[in-house]
There are 2 protein chains.
Amino acid sequence: MHTYKITIAYDGTRFVGWQLQPSGISIQGLLEEALGALDEREVIVTGAGRTDAGVHALGQVASFSVHRAIDGDGLVRALNARLPPEVRVVAADPVEAIFHARFDATRKTYRYRIWNAAVLSPFERHYAWHISSPLDVEAMNAAAVLVEGCRDFSAFQAAGSATTSPVREVFASRVSLLDDDPHHPERIAGAADARLVVYEATGSGFLRHMVRNIVGSLVEIGRGRRSVEWIAEVIEGRDRDLAGPTAPPQGLVLVAVEYGRAHGARLGPAAK
Amino acid sequence: MHTYKITIAYDGTRFVGWQLQPSGISIQGLLEEALGALDEREVIVTGAGRTDAGVHALGQVASFSVHRAIDGDGLVRALNARLPPEVRVVAADPVEAIFHARFDATRKTYRYRIWNAAVLSPFERHYAWHISSPLDVEAMNAAAVLVEGCRDFSAFQAAGSATTSPVREVFASRVSLLDDDPHHPERIAGAADARLVVYEATGSGFLRHMVRNIVGSLVEIGRGRRSVEWIAEVIEGRDRDLAGPTAPPQGLVLVAVEYGRAHGARLGPAAK
């Protein structure tokens, strides 16, 4: 058997999420179908992060084992030829058979985008949370920093989700503001008064809905409904009911997943 | 009658273009329908630029006259409530009855986006031309500059289109490269080796398909199939068959339309 690590970007708009579901199209399902056709037998694909319906990825990572040995570039081409354009394999590398995309991940980075303007750009309707009232970005960032650390994050865990431990380490948690220059050629979207508020978090891992619940709470602070210090009380309380509402899925992007025994060192490809 | 100037952003992906067509949904048709419902009679909307199917706009401008007087912000809200999320009115101002969105426009700016990487980002599939072979951006820009000036642009006019004069003045014509930093929070799209090549042109006006034909020719130069100087020969020849292929519509964005007797000076709102 040959084990591979692939990096995948996807527009999650029309999918039920990463994970196979009884109905609807999942990213995992699309990959397993494409790999099943390539390997001519059933292939199980493991993803690093189980993104929800409507959530996007720039750098999702998955692993699987197949009988046929294929070089990385050939695998990228063969998979992309079988996948819809919303899902693109951007890299593929052979790895040791013991590699596991979820268990071996040591750092994940998520980004959440908020379009803060009276009118939602047509180009952001599937990629941002639209909030028309002005947000206090400085207060949001001051609160975001209080999320950093190794903590019990039960307060931000989706109701009813069962994981072995609610403790995660958040290495970085920041809110920044990007004034939207309509003449900046890097952006297609733009409006004179538009502001893009971006939350970015890097952690050892995240509980179900954790990033969206943090963002929902930061927005309560940004709207002036809660103080900066309130977020520390929410975390202390370990009670989902104390936190803000869950931010909608379309603003969330899984940016990167990192591997390595020491943080930052990546697993090299396996010897051939 | 009350005359208004509105600025509109739209994602052109699923539309037949700006102009009303016998079948399919047009931006003009959507606006006329929304305004007809507001004014309770037929309203004719005139657009500054007649963008083709699949072409986008950040700053399209249109004008129309209605019987009901509405303040600008109220008009923005009322129209957006009746339009699909792909089409957003971003500003509305009362203007003098003689204002005409097309005839009074003195400058238009278009942008064309090329995704130059092996794999097309899922987030760019409707907003860029995907070219996987590396482009010589310096050569493209050197050729783009040769397009500037007041000239007969018949060479870049869509076959069979009849306009009174093929002479236009191009004030600025440039190609630039934006390395795609996947960690830049302003972008949702990203891939390690991805480059975004952007063409931007400002002119007194543009013939049908002119920007897309210029881009098609610049790409021939970027691929190394033609010399930089070839573009001057193409313009001199005034023959559509000499130019490169028409670039696909999805990379094109109408960025801004400017008004004013002297370039840069905008028409003020009408006295109430």
# chains A, B, ... in the order shown; residues from 1 in each chain; ligands from 1
>>> select_by_dssp(residues="range 39-118 of chain B", states="alpha helix (DSSP H)", output="list in words")
Asp39, Gly72, Asp73, Gly74, Leu75, Val76, Arg77, Ala78, Leu79, Asn80, Ala81 and Arg82 of chain B
>>> write_last_selection(atoms="all heavy atoms", output="short mmCIF file (atom, residue, chain, number, x, y, z; two decimals), in the first residue's frame")
data_model
loop_
_atom_site.label_atom_id
_atom_site.label_comp_id
_atom_site.auth_asym_id
_atom_site.auth_seq_id
_atom_site.Cartn_x
_atom_site.Cartn_y
_atom_site.Cartn_z
N ASP B 39 -41.83 52.41 -8.86
CA ASP B 39 -42.43 53.62 -9.44
C ASP B 39 -43.83 53.32 -10.00
O ASP B 39 -44.52 54.25 -10.45
CB ASP B 39 -41.53 54.17 -10.55
CG ASP B 39 -41.73 55.68 -10.76
OD1 ASP B 39 -41.87 56.41 -9.76
OD2 ASP B 39 -41.76 56.12 -11.92
N GLY B 72 -31.53 59.34 -1.72
CA GLY B 72 -30.53 58.38 -2.19
C GLY B 72 -30.44 57.10 -1.37
O GLY B 72 -30.52 56.00 -1.92
N ASP B 73 -30.32 57.23 -0.03
CA ASP B 73 -30.19 56.05 0.82
C ASP B 73 -31.44 55.18 0.77
O ASP B 73 -31.36 53.95 0.79
CB ASP B 73 -29.91 56.47 2.27
CG ASP B 73 -28.48 56.96 2.45
OD1 ASP B 73 -27.68 56.81 1.49
OD2 ASP B 73 -28.16 57.48 3.52
N GLY B 74 -32.59 55.82 0.70
CA GLY B 74 -33.84 55.09 0.60
C GLY B 74 -33.93 54.30 -0.70
O GLY B 74 -34.40 53.15 -0.73
N LEU B 75 -33.42 54.90 -1.77
CA LEU B 75 -33.41 54.23 -3.08
C LEU B 75 -32.47 53.02 -3.06
O LEU B 75 -32.80 51.95 -3.57
CB LEU B 75 -33.00 55.24 -4.15
CG LEU B 75 -33.18 54.83 -5.61
CD1 LEU B 75 -34.62 54.45 -5.92
CD2 LEU B 75 -32.73 55.97 -6.55
N VAL B 76 -31.29 53.19 -2.44
CA VAL B 76 -30.34 52.08 -2.31
C VAL B 76 -31.01 50.90 -1.59
O VAL B 76 -30.98 49.76 -2.06
CB VAL B 76 -29.05 52.52 -1.56
CG1 VAL B 76 -28.20 51.31 -1.19
CG2 VAL B 76 -28.25 53.51 -2.39
N ARG B 77 -31.65 51.21 -0.47
CA ARG B 77 -32.28 50.14 0.32
C ARG B 77 -33.44 49.48 -0.43
O ARG B 77 -33.57 48.26 -0.46
CB ARG B 77 -32.79 50.69 1.66
CG ARG B 77 -31.71 50.74 2.74
CD ARG B 77 -32.33 50.98 4.11
NE ARG B 77 -33.08 52.24 4.14
CZ ARG B 77 -32.52 53.43 4.42
NH1 ARG B 77 -31.23 53.52 4.70
NH2 ARG B 77 -33.26 54.53 4.42
N ALA B 78 -34.30 50.31 -1.05
CA ALA B 78 -35.48 49.78 -1.74
C ALA B 78 -35.07 48.90 -2.93
O ALA B 78 -35.67 47.84 -3.17
CB ALA B 78 -36.37 50.93 -2.21
N LEU B 79 -34.04 49.32 -3.67
CA LEU B 79 -33.60 48.52 -4.81
C LEU B 79 -32.94 47.22 -4.35
O LEU B 79 -33.23 46.15 -4.88
CB LEU B 79 -32.64 49.32 -5.70
CG LEU B 79 -33.31 50.39 -6.59
CD1 LEU B 79 -32.26 51.23 -7.31
CD2 LEU B 79 -34.24 49.72 -7.62
N ASN B 80 -32.05 47.31 -3.35
CA ASN B 80 -31.38 46.10 -2.88
C ASN B 80 -32.35 45.08 -2.30
O ASN B 80 -32.12 43.87 -2.39
CB ASN B 80 -30.28 46.45 -1.88
CG ASN B 80 -29.04 47.01 -2.57
OD1 ASN B 80 -28.82 46.76 -3.76
ND2 ASN B 80 -28.26 47.79 -1.85
N ALA B 81 -33.45 45.57 -1.73
CA ALA B 81 -34.47 44.66 -1.20
C ALA B 81 -35.14 43.87 -2.32
O ALA B 81 -35.68 42.79 -2.09
CB ALA B 81 -35.51 45.44 -0.40
N ARG B 82 -35.12 44.42 -3.55
CA ARG B 82 -35.79 43.78 -4.68
C ARG B 82 -34.83 43.06 -5.63
O ARG B 82 -35.27 42.40 -6.57
CB ARG B 82 -36.57 44.83 -5.48
CG ARG B 82 -37.87 45.24 -4.82
CD ARG B 82 -38.47 46.47 -5.46
NE ARG B 82 -39.80 46.73 -4.92
CZ ARG B 82 -40.03 47.37 -3.77
NH1 ARG B 82 -39.01 47.80 -3.04
NH2 ARG B 82 -41.27 47.57 -3.35
#
>>> interface_residues(of="chain A", to="chain B", cutoff="6 Å", atoms="only C-alpha atoms", output="VMD selection string")
chain A and resid 10 to 11 85 to 86 122
>>> write_last_selection(atoms="N, CA and C atoms", output="CSV table (one decimal), in the first residue's frame")
chain,number,residue,atom,x,y,z
A,10,TYR,N,-11.0,24.2,-1.2
A,10,TYR,CA,-12.4,24.1,-1.7
A,10,TYR,C,-13.3,25.3,-1.3
A,11,ASP,N,-14.2,25.5,-2.2
A,11,ASP,CA,-15.3,26.5,-1.9
A,11,ASP,C,-16.4,25.7,-1.4
A,85,PRO,N,-14.8,21.8,-10.1
A,85,PRO,CA,-13.9,23.0,-10.0
A,85,PRO,C,-13.9,23.6,-8.6
A,86,GLU,N,-14.9,23.4,-7.8
A,86,GLU,CA,-14.9,24.0,-6.5
A,86,GLU,C,-14.0,23.3,-5.5
A,122,PRO,N,-21.4,41.8,-3.7
A,122,PRO,CA,-21.8,40.6,-4.3
A,122,PRO,C,-20.8,39.5,-4.4
>>> residues_around(residues="Ala48 in chain A", least_positions_apart="4", cutoff="9 Å", atoms="only C-alpha atoms", output="list in words")
Gln60, Val61, Ala62, Ser63, His100, Ala101, Arg102, Phe103, Asp104, Ala105, Lys108 and Val257 of chain A
>>> write_last_selection(atoms="N, CA and C atoms", output="PDB file, in the first residue's frame")
ATOM      1  N   GLN A  60      -6.736  22.544   3.570  1.00  0.00           N
ATOM      2  CA  GLN A  60      -7.155  21.308   4.249  1.00  0.00           C
ATOM      3  C   GLN A  60      -6.125  20.232   3.893  1.00  0.00           C
ATOM      4  N   VAL A  61      -5.871  19.321   4.818  1.00  0.00           N
ATOM      5  CA  VAL A  61      -4.956  18.209   4.540  1.00  0.00           C
ATOM      6  C   VAL A  61      -5.696  16.908   4.755  1.00  0.00           C
ATOM      7  N   ALA A  62      -5.441  15.922   3.900  1.00  0.00           N
ATOM      8  CA  ALA A  62      -6.058  14.601   4.043  1.00  0.00           C
ATOM      9  C   ALA A  62      -5.026  13.522   3.759  1.00  0.00           C
ATOM     10  N   SER A  63      -5.301  12.350   4.285  1.00  0.00           N
ATOM     11  CA  SER A  63      -4.397  11.222   4.014  1.00  0.00           C
ATOM     12  C   SER A  63      -5.209   9.994   3.622  1.00  0.00           C
ATOM     13  N   HIS A 100      -1.084  10.108   9.739  1.00  0.00           N
ATOM     14  CA  HIS A 100      -2.534  10.254   9.894  1.00  0.00           C
ATOM     15  C   HIS A 100      -2.868  11.747   9.899  1.00  0.00           C
ATOM     16  N   ALA A 101      -3.638  12.195   8.913  1.00  0.00           N
ATOM     17  CA  ALA A 101      -3.875  13.633   8.723  1.00  0.00           C
ATOM     18  C   ALA A 101      -4.456  14.293   9.967  1.00  0.00           C
ATOM     19  N   ARG A 102      -5.344  13.606  10.704  1.00  0.00           N
ATOM     20  CA  ARG A 102      -5.965  14.245  11.867  1.00  0.00           C
ATOM     21  C   ARG A 102      -5.103  14.120  13.123  1.00  0.00           C
ATOM     22  N   PHE A 103      -4.679  12.892  13.455  1.00  0.00           N
ATOM     23  CA  PHE A 103      -3.961  12.675  14.720  1.00  0.00           C
ATOM     24  C   PHE A 103      -2.575  13.306  14.733  1.00  0.00           C
ATOM     25  N   ASP A 104      -1.946  13.427  13.563  1.00  0.00           N
ATOM     26  CA  ASP A 104      -0.580  13.956  13.529  1.00  0.00           C
ATOM     27  C   ASP A 104      -0.519  15.476  13.401  1.00  0.00           C
ATOM     28  N   ALA A 105      -1.661  16.112  13.170  1.00  0.00           N
ATOM     29  CA  ALA A 105      -1.656  17.577  13.003  1.00  0.00           C
ATOM     30  C   ALA A 105      -1.270  18.237  14.321  1.00  0.00           C
ATOM     31  N   LYS A 108      -3.274  24.158  13.603  1.00  0.00           N
ATOM     32  CA  LYS A 108      -4.236  24.497  12.555  1.00  0.00           C
ATOM     33  C   LYS A 108      -4.474  25.993  12.604  1.00  0.00           C
ATOM     34  N   VAL A 257      -2.839  23.528   7.854  1.00  0.00           N
ATOM     35  CA  VAL A 257      -2.651  22.489   8.866  1.00  0.00           C
ATOM     36  C   VAL A 257      -1.163  22.152   8.864  1.00  0.00           C
TER      37      VAL A 257
END
>>> atom_distance(atom1="CA of Asn141 in chain A", atom2="CA of Arg238 in chain A")
21.3 Å
>>> atom_distance(atom1="CA of Thr46 in chain B", atom2="CA of Ser173 in chain B")
26.7 Å
>>> calpha_fit_and_write(fixed="chain B", moving="chain A", output="CSV table (one decimal) with C-alpha atoms, in the first residue's frame")
chain,number,residue,atom,x,y,z
A,1,MET,CA,-39.7,63.5,-13.2
A,2,HIS,CA,-36.7,62.8,-10.9
A,3,THR,CA,-33.4,61.6,-12.5
A,4,TYR,CA,-30.9,59.5,-10.5
A,5,LYS,CA,-27.4,58.2,-11.0
A,6,ILE,CA,-26.7,54.9,-9.4
A,7,THR,CA,-23.5,52.9,-8.9
A,8,ILE,CA,-23.9,49.1,-9.1
A,9,ALA,CA,-21.6,46.1,-8.3
A,10,TYR,CA,-22.5,42.7,-9.7
A,11,ASP,CA,-21.2,39.2,-10.0
A,12,GLY,CA,-21.9,38.6,-13.7
A,13,THR,CA,-21.5,34.8,-13.6
A,14,ARG,CA,-25.1,33.7,-14.1
A,15,PHE,CA,-26.4,36.7,-16.2
A,16,VAL,CA,-26.6,37.2,-19.9
A,17,GLY,CA,-24.8,40.6,-19.5
A,18,TRP,CA,-25.9,44.2,-18.8
A,19,GLN,CA,-28.3,44.6,-21.6
A,20,LEU,CA,-31.8,43.2,-22.0
A,21,GLN,CA,-31.9,40.0,-24.1
A,22,PRO,CA,-34.8,38.0,-25.6
A,23,SER,CA,-34.0,35.3,-23.0
A,24,GLY,CA,-31.9,35.0,-19.8
A,25,ILE,CA,-31.5,37.4,-16.9
A,26,SER,CA,-29.8,40.8,-17.6
A,27,ILE,CA,-28.7,43.4,-15.0
A,28,GLN,CA,-30.6,46.1,-16.9
A,29,GLY,CA,-33.7,43.9,-16.8
A,30,LEU,CA,-33.4,43.2,-13.1
A,31,LEU,CA,-33.0,47.0,-12.4
A,32,GLU,CA,-35.9,47.9,-14.7
A,33,GLU,CA,-38.1,45.3,-12.9
A,34,ALA,CA,-37.2,46.6,-9.5
A,35,LEU,CA,-37.7,50.2,-10.5
A,36,GLY,CA,-40.9,49.4,-12.3
A,37,ALA,CA,-42.3,48.0,-9.0
A,38,LEU,CA,-41.1,51.0,-7.0
A,39,ASP,CA,-42.4,53.6,-9.5
A,40,GLU,CA,-45.5,51.6,-10.5
A,41,ARG,CA,-44.8,52.2,-14.2
A,42,GLU,CA,-42.3,51.3,-16.8
A,43,VAL,CA,-38.8,52.7,-16.2
A,44,ILE,CA,-35.9,52.6,-18.7
A,45,VAL,CA,-32.4,52.2,-17.3
A,46,THR,CA,-29.3,53.3,-19.2
A,47,GLY,CA,-26.0,51.8,-18.3
A,48,ALA,CA,-22.6,53.4,-18.8
A,49,GLY,CA,-21.0,50.2,-20.1
A,50,ARG,CA,-22.7,47.3,-21.7
A,51,THR,CA,-20.9,44.4,-20.1
A,52,ASP,CA,-21.1,41.0,-21.7
A,53,ALA,CA,-22.3,37.7,-20.1
A,54,GLY,CA,-20.0,36.6,-17.3
A,55,VAL,CA,-18.3,40.0,-17.0
A,56,HIS,CA,-18.4,41.6,-13.5
A,57,ALA,CA,-18.7,45.2,-12.2
A,58,LEU,CA,-17.6,47.0,-9.1
A,59,GLY,CA,-18.6,50.4,-10.3
A,60,GLN,CA,-21.0,50.2,-13.2
A,61,VAL,CA,-23.1,53.4,-13.4
A,62,ALA,CA,-26.7,53.8,-14.6
A,63,SER,CA,-29.2,56.5,-14.9
A,64,PHE,CA,-33.0,56.6,-15.1
A,65,SER,CA,-36.0,58.9,-14.4
A,66,VAL,CA,-38.9,58.1,-12.1
A,67,HIS,CA,-42.1,59.9,-11.0
A,68,ARG,CA,-41.6,59.3,-7.3
A,69,ALA,CA,-38.9,61.4,-5.5
A,70,ILE,CA,-36.9,59.2,-3.1
A,71,ASP,CA,-33.8,60.1,-1.2
A,72,GLY,CA,-30.5,58.4,-2.2
A,73,ASP,CA,-30.2,56.1,0.8
A,74,GLY,CA,-33.9,55.1,0.6
A,75,LEU,CA,-33.4,54.2,-3.1
A,76,VAL,CA,-30.3,52.1,-2.3
A,77,ARG,CA,-32.3,50.1,0.3
A,78,ALA,CA,-35.5,49.8,-1.7
A,79,LEU,CA,-33.6,48.5,-4.8
A,80,ASN,CA,-31.4,46.1,-2.9
A,81,ALA,CA,-34.5,44.6,-1.2
A,82,ARG,CA,-35.8,43.8,-4.7
A,83,LEU,CA,-32.5,42.6,-6.3
A,84,PRO,CA,-30.8,39.2,-6.0
A,85,PRO,CA,-27.6,39.3,-3.8
A,86,GLU,CA,-25.4,39.1,-6.9
A,87,VAL,CA,-26.5,42.6,-7.8
A,88,ARG,CA,-26.0,45.4,-5.3
A,89,VAL,CA,-26.7,49.1,-5.7
A,90,VAL,CA,-23.9,50.8,-3.7
A,91,ALA,CA,-24.9,54.4,-4.2
A,92,ALA,CA,-27.7,56.6,-5.5
A,93,ASP,CA,-27.7,60.3,-6.1
A,94,PRO,CA,-30.3,62.7,-7.7
A,95,VAL,CA,-28.8,64.4,-10.8
A,96,GLU,CA,-30.0,66.9,-13.3
A,97,ALA,CA,-32.5,65.6,-15.9
A,98,ILE,CA,-30.0,66.0,-18.7
A,99,PHE,CA,-27.5,63.5,-17.1
A,100,HIS,CA,-27.0,60.4,-19.3
A,101,ALA,CA,-24.9,57.5,-17.8
A,102,ARG,CA,-23.4,56.5,-21.2
A,103,PHE,CA,-23.0,59.7,-23.2
A,104,ASP,CA,-21.7,61.8,-20.3
A,105,ALA,CA,-19.0,59.2,-19.1
A,106,THR,CA,-15.5,60.6,-19.7
A,107,ARG,CA,-13.4,57.8,-18.3
A,108,LYS,CA,-13.9,54.1,-17.7
A,109,THR,CA,-11.5,51.7,-15.9
A,110,TYR,CA,-11.5,48.0,-16.6
A,111,ARG,CA,-9.5,45.3,-14.8
A,112,TYR,CA,-8.7,41.9,-16.2
A,113,ARG,CA,-7.5,39.1,-13.9
A,114,ILE,CA,-5.4,36.1,-14.9
A,115,TRP,CA,-4.7,33.2,-12.5
A,116,ASN,CA,-1.2,32.0,-13.5
A,117,ALA,CA,-0.6,28.7,-11.7
A,118,ALA,CA,-0.8,25.0,-12.4
A,119,VAL,CA,-4.0,24.6,-10.4
A,120,LEU,CA,-6.9,27.1,-10.6
A,121,SER,CA,-8.0,28.3,-7.2
A,122,PRO,CA,-11.7,27.2,-6.5
A,123,PHE,CA,-12.3,30.8,-5.4
A,124,GLU,CA,-11.1,32.2,-8.7
A,125,ARG,CA,-13.0,30.0,-11.1
A,126,HIS,CA,-15.6,32.6,-12.0
A,127,TYR,CA,-13.3,35.7,-11.6
A,128,ALA,CA,-10.1,34.9,-13.6
A,129,TRP,CA,-8.7,33.4,-16.8
A,130,HIS,CA,-6.7,30.4,-15.8
A,131,ILE,CA,-3.3,30.1,-17.7
A,132,SER,CA,-1.1,27.4,-16.3
A,133,SER,CA,2.1,28.1,-18.4
A,134,PRO,CA,4.3,30.8,-16.9
A,135,LEU,CA,3.7,34.3,-18.4
A,136,ASP,CA,6.4,36.9,-19.0
A,137,VAL,CA,4.8,39.8,-17.1
A,138,GLU,CA,7.5,42.3,-17.9
A,139,ALA,CA,7.0,41.8,-21.7
A,140,MET,CA,3.2,42.0,-21.2
A,141,ASN,CA,3.5,45.3,-19.4
A,142,ALA,CA,6.0,46.7,-22.0
A,143,ALA,CA,3.4,45.8,-24.7
A,144,ALA,CA,0.5,47.1,-22.6
A,145,VAL,CA,2.1,50.6,-22.5
A,146,LEU,CA,2.2,50.7,-26.3
A,147,VAL,CA,-1.6,50.6,-26.3
A,148,GLU,CA,-1.8,54.0,-24.6
A,149,GLY,CA,-2.7,57.0,-26.7
A,150,CYS,CA,-5.5,58.2,-29.0
A,151,ARG,CA,-5.9,55.7,-31.8
A,152,ASP,CA,-8.1,53.8,-34.2
A,153,PHE,CA,-8.6,50.5,-32.2
A,154,SER,CA,-10.4,48.6,-35.0
A,155,ALA,CA,-7.9,45.8,-34.5
A,156,PHE,CA,-9.4,45.1,-31.1
A,157,GLN,CA,-13.1,45.6,-32.0
A,158,ALA,CA,-15.4,42.5,-32.0
A,159,ALA,CA,-16.0,41.2,-35.5
A,160,GLY,CA,-19.3,42.6,-36.9
A,161,SER,CA,-19.8,45.4,-34.4
A,162,ALA,CA,-20.7,48.7,-35.8
A,163,THR,CA,-19.9,51.9,-33.9
A,164,THR,CA,-19.8,55.4,-35.3
A,165,SER,CA,-16.0,55.7,-34.8
A,166,PRO,CA,-13.3,53.2,-33.7
A,167,VAL,CA,-11.1,55.9,-32.2
A,168,ARG,CA,-10.7,55.9,-28.5
A,169,GLU,CA,-8.2,57.4,-26.1
A,170,VAL,CA,-6.5,55.0,-23.7
A,171,PHE,CA,-5.0,57.0,-20.8
A,172,ALA,CA,-3.4,54.2,-19.0
A,173,SER,CA,-2.7,50.5,-19.9
A,174,ARG,CA,-0.6,48.4,-17.5
A,175,VAL,CA,0.1,44.8,-16.5
A,176,SER,CA,1.2,44.1,-12.9
A,177,LEU,CA,1.9,41.0,-11.0
A,178,LEU,CA,0.6,40.2,-7.6
A,179,ASP,CA,2.3,37.3,-5.8
A,180,ASP,CA,-0.4,35.5,-4.0
A,181,ASP,CA,0.5,35.3,-0.4
A,182,PRO,CA,-1.8,32.6,1.1
A,183,HIS,CA,-1.5,34.2,4.5
A,184,HIS,CA,-2.6,37.6,3.4
A,185,PRO,CA,-5.9,37.9,5.1
A,186,GLU,CA,-7.3,40.1,2.3
A,187,ARG,CA,-7.5,37.1,0.0
A,188,ILE,CA,-9.5,34.0,0.4
A,189,ALA,CA,-7.8,32.3,-2.5
A,190,GLY,CA,-4.2,31.1,-2.4
A,191,ALA,CA,-1.7,28.5,-3.4
A,192,ALA,CA,2.0,28.3,-2.9
A,193,ASP,CA,3.0,29.0,-6.5
A,194,ALA,CA,0.0,31.1,-7.5
A,195,ARG,CA,0.4,34.4,-9.3
A,196,LEU,CA,-2.3,36.8,-10.1
A,197,VAL,CA,-1.5,38.8,-13.3
A,198,VAL,CA,-3.7,41.9,-13.5
A,199,TYR,CA,-4.3,44.1,-16.5
A,200,GLU,CA,-5.8,47.5,-15.9
A,201,ALA,CA,-6.9,50.0,-18.5
A,202,THR,CA,-8.4,53.5,-18.2
A,203,GLY,CA,-9.8,55.1,-21.4
A,204,SER,CA,-12.3,57.6,-22.8
A,205,GLY,CA,-14.3,54.5,-23.7
A,206,PHE,CA,-13.8,51.0,-25.1
A,207,LEU,CA,-15.1,49.2,-28.2
A,208,ARG,CA,-17.0,46.0,-27.9
A,209,HIS,CA,-14.6,43.2,-26.7
A,210,MET,CA,-11.7,45.7,-26.8
A,211,VAL,CA,-10.2,45.0,-23.4
A,212,ARG,CA,-10.6,41.2,-23.8
A,213,ASN,CA,-8.9,41.4,-27.3
A,214,ILE,CA,-6.1,43.5,-25.9
A,215,VAL,CA,-5.6,40.9,-23.1
A,216,GLY,CA,-5.7,38.0,-25.6
A,217,SER,CA,-3.0,39.7,-27.5
A,218,LEU,CA,-0.9,40.5,-24.4
A,219,VAL,CA,-1.1,36.8,-23.4
A,220,GLU,CA,0.3,35.8,-26.8
A,221,ILE,CA,3.3,38.0,-25.9
A,222,GLY,CA,3.4,36.7,-22.3
A,223,ARG,CA,3.6,33.2,-23.6
A,224,GLY,CA,6.6,34.2,-25.8
A,225,ARG,CA,4.7,33.5,-29.1
A,226,ARG,CA,4.9,37.2,-30.2
A,227,SER,CA,7.3,40.1,-29.6
A,228,VAL,CA,6.5,43.2,-27.6
A,229,GLU,CA,6.5,45.3,-30.7
A,230,TRP,CA,4.0,43.0,-32.4
A,231,ILE,CA,1.2,44.7,-30.5
A,232,ALA,CA,2.0,48.1,-32.3
A,233,GLU,CA,1.8,46.3,-35.7
A,234,VAL,CA,-1.6,44.8,-34.7
A,235,ILE,CA,-2.9,48.3,-33.8
A,236,GLU,CA,-1.5,49.8,-37.0
A,237,GLY,CA,-3.1,47.0,-39.1
A,238,ARG,CA,-6.6,47.8,-37.9
A,239,ASP,CA,-7.6,44.3,-38.7
A,240,ARG,CA,-9.2,42.1,-36.1
A,241,ASP,CA,-7.7,39.0,-37.7
A,242,LEU,CA,-4.1,40.2,-36.8
A,243,ALA,CA,-4.8,40.3,-33.0
A,244,GLY,CA,-4.8,37.5,-30.5
A,245,PRO,CA,-7.8,35.5,-29.4
A,246,THR,CA,-10.5,37.1,-27.2
A,247,ALA,CA,-9.8,36.5,-23.5
A,248,PRO,CA,-12.7,34.8,-21.7
A,249,PRO,CA,-15.3,37.0,-20.0
A,250,GLN,CA,-15.0,35.9,-16.4
A,251,GLY,CA,-11.7,37.7,-15.9
A,252,LEU,CA,-13.1,41.1,-16.7
A,253,VAL,CA,-14.4,43.7,-14.2
A,254,LEU,CA,-15.8,47.2,-14.9
A,255,VAL,CA,-14.1,49.0,-12.0
A,256,ALA,CA,-15.2,52.6,-12.3
A,257,VAL,CA,-16.9,55.1,-14.6
A,258,GLU,CA,-16.1,58.8,-14.2
A,259,TYR,CA,-18.0,61.9,-15.3
A,260,GLY,CA,-17.3,65.6,-15.7
A,261,ARG,CA,-16.6,68.1,-18.4
A,262,ALA,CA,-13.0,68.2,-17.3
A,263,HIS,CA,-11.6,64.8,-16.7
A,264,GLY,CA,-11.8,63.8,-13.0
A,265,ALA,CA,-14.4,66.4,-12.0
A,266,ARG,CA,-17.6,64.7,-11.1
A,267,LEU,CA,-21.1,66.0,-11.8
A,268,GLY,CA,-22.6,67.1,-8.5
A,269,PRO,CA,-26.1,66.2,-7.3
A,270,ALA,CA,-28.9,68.4,-8.6
A,271,ALA,CA,-30.3,71.1,-6.5
A,272,LYS,CA,-33.5,69.9,-4.8
>>> select_by_dssp(residues="range 42-145 of chain A", states="strand (DSSP E or B)", output="ChimeraX atom specification")
/A:46-47,52,56-66,87-95,105-116,129-130
